[in-house]
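**Student:** Got target07.txt for you, compact mmCIF, C-alpha atoms:
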# COMPACT_ATOMS: atom_id res chain seq x y z
CA MET A 1082 66.04 -41.68 -12.62
CA ALA A 1083 64.63 -38.15 -13.02
CA LYS A 1084 66.85 -35.49 -14.46
CA THR A 1085 67.31 -32.16 -12.69
CA PRO A 1086 67.15 -29.17 -15.02
CA LYS A 1087 70.57 -27.61 -15.51
CA ASN A 1088 69.45 -24.10 -14.49
CA ILE A 1089 68.21 -25.17 -11.01
CA GLU A 1090 70.70 -25.82 -8.28
CA LYS A 1091 69.88 -28.70 -5.93
CA ASP A 1092 70.20 -26.46 -2.86
CA GLU A 1093 68.00 -23.69 -4.30
CA ASP A 1094 64.58 -23.41 -2.62
CA ILE A 1095 62.19 -22.71 -5.48
CA GLY A 1096 59.15 -22.81 -3.17
CA THR A 1097 59.77 -19.49 -1.43
CA ALA A 1098 58.36 -16.25 -2.73
CA PRO A 1099 59.18 -12.72 -1.66
CA GLN A 1100 56.96 -11.27 1.07
CA ALA A 1101 54.16 -9.07 -0.30
CA PRO A 1102 54.27 -5.47 0.94
CA LEU A 1103 50.51 -5.51 1.65
CA VAL A 1104 48.72 -8.24 3.58
CA ILE A 1105 44.97 -8.17 4.21
CA HIS A 1106 44.46 -10.14 7.41
CA LYS A 1107 40.67 -9.84 7.68
CA GLN A 1108 37.74 -8.37 5.78
CA TYR A 1109 34.51 -7.73 7.59
CA LEU A 1110 31.15 -6.01 7.49
CA LYS A 1111 31.22 -3.43 10.26
CA ASP A 1112 27.74 -1.96 9.77
CA LEU A 1113 24.77 -2.41 7.47
CA SER A 1114 21.72 -0.19 7.43
CA PHE A 1115 18.73 -0.37 5.10
CA GLU A 1116 15.61 1.74 5.46
CA ASN A 1117 12.49 1.32 3.37
CA PRO A 1118 10.36 4.11 4.89
CA ASN A 1119 7.55 4.27 2.33
CA ALA A 1120 6.93 0.56 1.76
CA PRO A 1121 4.76 -1.04 0.52
CA GLY A 1122 3.38 1.82 -1.62
CA ILE A 1123 6.77 2.84 -3.03
CA LEU A 1124 7.41 -0.74 -4.20
CA GLN A 1125 4.80 -0.46 -6.95
CA ARG A 1126 6.35 -0.14 -10.37
CA SER A 1127 6.59 3.30 -11.90
CA GLN A 1128 7.82 4.53 -15.26
CA GLU A 1129 9.77 7.33 -13.59
CA ALA A 1130 13.42 6.52 -12.98
CA PRO A 1131 14.51 7.09 -9.40
CA GLU A 1132 16.84 9.89 -8.42
CA MET A 1133 19.97 8.31 -6.99
CA GLU A 1134 22.52 9.84 -4.68
CA MET A 1135 25.64 7.80 -4.02
CA ASN A 1136 28.58 8.61 -1.76
CA ILE A 1137 31.78 6.72 -1.15
CA LEU A 1138 33.93 7.50 1.85
CA LEU A 1139 37.34 6.11 2.78
CA ASP A 1140 39.06 6.20 6.13
CA VAL A 1141 42.31 4.68 7.35
CA GLN A 1142 43.29 4.31 10.99
CA LYS A 1143 46.57 2.99 12.33
CA LEU A 1144 46.03 0.28 14.94
CA ASP A 1145 48.29 -1.27 17.55
CA HIS A 1146 49.23 -4.86 16.83
CA ALA A 1147 51.60 -7.21 18.66
CA GLU A 1148 53.22 -8.63 15.50
CA HIS A 1149 52.91 -5.87 12.89
CA GLU A 1150 54.40 -2.39 13.26
CA HIS A 1151 52.33 -0.93 10.41
CA PHE A 1152 48.83 -2.32 10.97
CA TYR A 1153 45.75 -0.45 9.72
CA GLU A 1154 41.99 -0.60 9.47
CA VAL A 1155 40.75 0.60 6.08
CA THR A 1156 37.07 1.55 6.11
CA LEU A 1157 35.01 1.81 2.93
CA THR A 1158 31.57 3.37 3.41
CA LEU A 1159 28.93 3.22 0.68
CA ASN A 1160 25.82 5.42 1.10
CA ALA A 1161 22.93 5.22 -1.35
CA THR A 1162 19.65 7.11 -1.37
CA ALA A 1163 16.92 6.60 -3.97
CA LYS A 1164 13.90 8.88 -4.38
CA ARG A 1165 10.94 8.81 -6.74
CA GLU A 1166 8.49 11.69 -7.10
CA GLY A 1167 9.93 13.29 -3.96
CA GLN A 1168 9.42 10.18 -1.84
CA THR A 1169 12.31 8.22 -0.41
CA MET A 1170 12.45 4.74 -1.87
CA PHE A 1171 15.34 3.52 0.27
CA LEU A 1172 18.34 4.59 2.29
CA ALA A 1173 21.22 2.14 2.42
CA GLU A 1174 24.63 2.21 4.05
CA VAL A 1175 27.36 -0.42 3.99
CA ILE A 1176 30.49 0.00 6.11
CA TYR A 1177 33.00 -2.61 5.04
CA CYS A 1178 36.51 -2.87 6.46
CA ALA A 1179 39.83 -4.58 6.04
CA ALA A 1180 42.56 -5.10 8.61
CA ALA A 1181 45.81 -4.81 6.70
CA SER A 1182 49.52 -4.57 7.36
CA VAL A 1183 52.23 -2.97 5.27
CA GLN A 1184 55.82 -4.15 5.42
CA GLY A 1185 59.04 -3.45 3.60
CA LEU A 1186 57.99 -0.02 2.34
CA GLU A 1187 58.84 3.49 3.46
CA PRO A 1188 56.06 5.08 5.57
CA GLN A 1189 55.30 7.70 2.88
CA GLN A 1190 54.42 4.81 0.52
CA HIS A 1191 51.75 3.46 2.91
CA HIS A 1192 49.24 6.23 2.23
CA PRO A 1193 48.56 5.55 -1.48
CA LEU A 1194 48.67 1.80 -0.91
CA LEU A 1195 46.00 2.02 1.79
CA PHE A 1196 43.78 4.51 -0.05
CA ILE A 1197 44.03 2.91 -3.52
CA GLU A 1198 44.94 -0.77 -3.41
CA VAL A 1199 42.99 -1.88 -0.33
CA PRO A 1200 39.72 -0.24 -1.51
CA ASN A 1201 40.24 -1.82 -4.94
CA LEU A 1202 40.45 -5.22 -3.25
CA ILE A 1203 37.48 -4.86 -0.89
CA PHE A 1204 35.05 -2.84 -3.05
CA PRO A 1205 33.58 -5.90 -4.86
CA PHE A 1206 32.51 -7.37 -1.50
CA ALA A 1207 30.89 -4.13 -0.29
CA ARG A 1208 29.22 -3.75 -3.71
CA GLN A 1209 27.70 -7.23 -3.44
CA ILE A 1210 26.38 -6.54 0.07
CA MET A 1211 24.74 -3.32 -1.20
CA ALA A 1212 23.14 -5.22 -4.11
CA ASN A 1213 21.83 -7.92 -1.76
CA ALA A 1214 20.42 -5.36 0.69
CA THR A 1215 18.50 -3.42 -1.97
CA GLN A 1216 17.16 -6.64 -3.46
CA ALA A 1217 16.06 -7.87 -0.03
CA GLY A 1218 14.29 -4.52 0.39
CA GLY A 1219 12.08 -5.30 -2.61
CA PHE A 1220 13.95 -3.31 -5.27
CA MET A 1221 16.17 -4.24 -8.16
CA PRO A 1222 19.70 -4.97 -6.90
CA LEU A 1223 21.76 -1.78 -6.90
CA GLN A 1224 24.71 -2.69 -9.13
CA LEU A 1225 27.37 -0.08 -8.53
CA THR A 1226 29.85 0.54 -11.30
CA PRO A 1227 33.51 -0.10 -10.53
CA VAL A 1228 35.27 2.82 -8.88
CA ASP A 1229 38.61 4.30 -9.92
CA PHE A 1230 40.15 4.69 -6.47
CA ARG A 1231 43.44 5.86 -7.96
CA ASN A 1232 41.74 8.79 -9.65
CA MET A 1233 39.75 9.57 -6.48
CA TYR A 1234 43.01 9.57 -4.52
CA LEU A 1235 44.76 11.87 -6.98
CA GLN A 1236 41.86 14.33 -7.01
CA ARG A 1237 41.38 14.35 -3.26
CA PHE A 1238 44.96 14.67 -2.19
CA ALA A 1239 45.93 17.06 -4.99
CA GLN A 1240 43.24 19.42 -3.67
CA GLU A 1241 44.47 18.99 -0.08
CA LYS A 1242 48.09 19.56 -1.16
CA THR A 1243 47.06 22.75 -3.01
CA LYS A 1244 45.20 24.04 0.07
CA LEU A 1245 48.19 23.21 2.28
CA ASP A 1246 50.58 24.94 -0.12
CA GLU A 1247 48.32 28.03 -0.23
CA SER A 1248 48.03 28.23 3.57
CA ASN A 1249 51.80 27.79 3.94
CA SER A 1250 52.50 30.57 1.42
CA THR A 1251 49.99 32.86 3.18
CA GLU A 1252 51.59 32.18 6.56
CA THR A 1253 55.03 32.81 5.10
CA LYS A 1254 53.94 36.14 3.63
CA LYS A 1255 52.30 37.48 6.81
CA PRO A 1256 55.41 37.55 8.98
CA ALA A 1257 57.30 39.28 6.15
CA LYS A 1258 54.74 42.12 6.18
CA LYS A 1259 54.99 42.45 9.95
CA SER A 1260 58.75 42.57 9.79
CA LYS A 1261 58.55 45.41 7.23
CA LYS A 1262 56.32 47.39 9.59
CA ALA A 1263 58.64 46.69 12.48
CA ALA A 1264 61.59 47.88 10.39
CA LYS A 1265 59.97 51.33 9.75
Turn this file's structure into structure tokens for me.
**Tutor:**
Amino acid sequence: MAKTPKNIEKDEDIGTAPQAPLVIHKQYLKDLSFENPNAPGILQRSQEAPEMEMNILLDVQKLDHAEHEHFYEVTLTLNATAKREGQTMFLAEVIYCAAASVQGLEPQQHHPLLFIEVPNLIFPFARQIMANATQAGGFMPLQLTPVDFRNMYLQRFAQEKTKLDESNSTETKKPAKKSKKAAK
């Protein structure tokens, strides 16, 4: 006969876990574009390193969903352009998305979760698609370095908060000046 550990009650359900506040329901490639405008000449090896331009964009949209009150589409866009000696080697764009829901958190907590945690989870997939596309285009796979989405978030929204604070203080000061003139 098997012994039951003393610290576990027979009625206790040890198989249940608390619900996660973030659930990614689907991940999907929304758009992929690769242009190789100067092939095949540009594919010849050169000693000159290419000039790279890389942009990362994030967007979050709230969507209607029958079961989830807080349902979002998080869009991660990767744009890469490589040039050598003034000629475009390739232009690549990957738009990769996740459909996610947030539950059990206050609405003000959704924003950082969607702009930091979801991109952290989906970036490796978008990165791999970008590497595969550049390799299929005849180049070395473009291996993007990991991205610090938390730092990006803090920089972006700190700047927006500063601008908002400045515009609010300017608007607050203007009526005060008008009221002084009116008082004269």
**Student:** Please report the interatomic distance between atom CA of Leu1110 of chain A and atom CA of Ala1173 of chain A in Å with one decimal.
**Tutor:** 13.8 Å
**Student:** Considering only C-alpha atoms, can you say which of A:Tyr1109, A:Phe1220, A:Tyr1234, A:Tyr1153 comes closest to Val1175 of chain A?
**Tutor:**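 Closest to Val1175 of chain A of all the choices is A:Tyr1109.
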**Student:** Please report the interatomic distance between atom CA of Gln1209 of chain A and atom CA of Ile1123 of chain A in Å with one decimal.
**Tutor:**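 Rounded to one decimal, the two atoms are 23.2 Å apart.
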**Student:** Could you pull out every residue with an atom within 6 Å of (43.8, -4.7, 7.2), file coordinates, counting all atoms listed in the file, and send them as a ChimeraX atom specification?
**Tutor:** /A:1105-1106,1153-1154,1179-1182
**Student:** Would you mind reading off the distance between atom CA of Glu1132 of chain A and atom CA of Glu1166 of chain A, one decimal, in Å?
**Tutor:**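 These two atoms are separated by 8.6 Å.
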**Student:** Ranking A:His1146, A:Lys1111, A:Arg1237, A:Arg1208 by minimum distance to Ile1176 of chain A and counting only C-alpha atoms, which one comes first?
**Tutor:** A:Lys1111
**Student:** Of the candidates A:Leu1157, A:Val1199, A:Leu1172, A:Ala1101, which shows the shortest atom-to-atom distance to Met1133 of chain A, using all atoms listed in the file?
**Tutor:**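 Of A:Leu1157, A:Val1199, A:Leu1172, A:Ala1101, the one nearest Met1133 of chain A is A:Leu1172, counting all atoms listed in the file.
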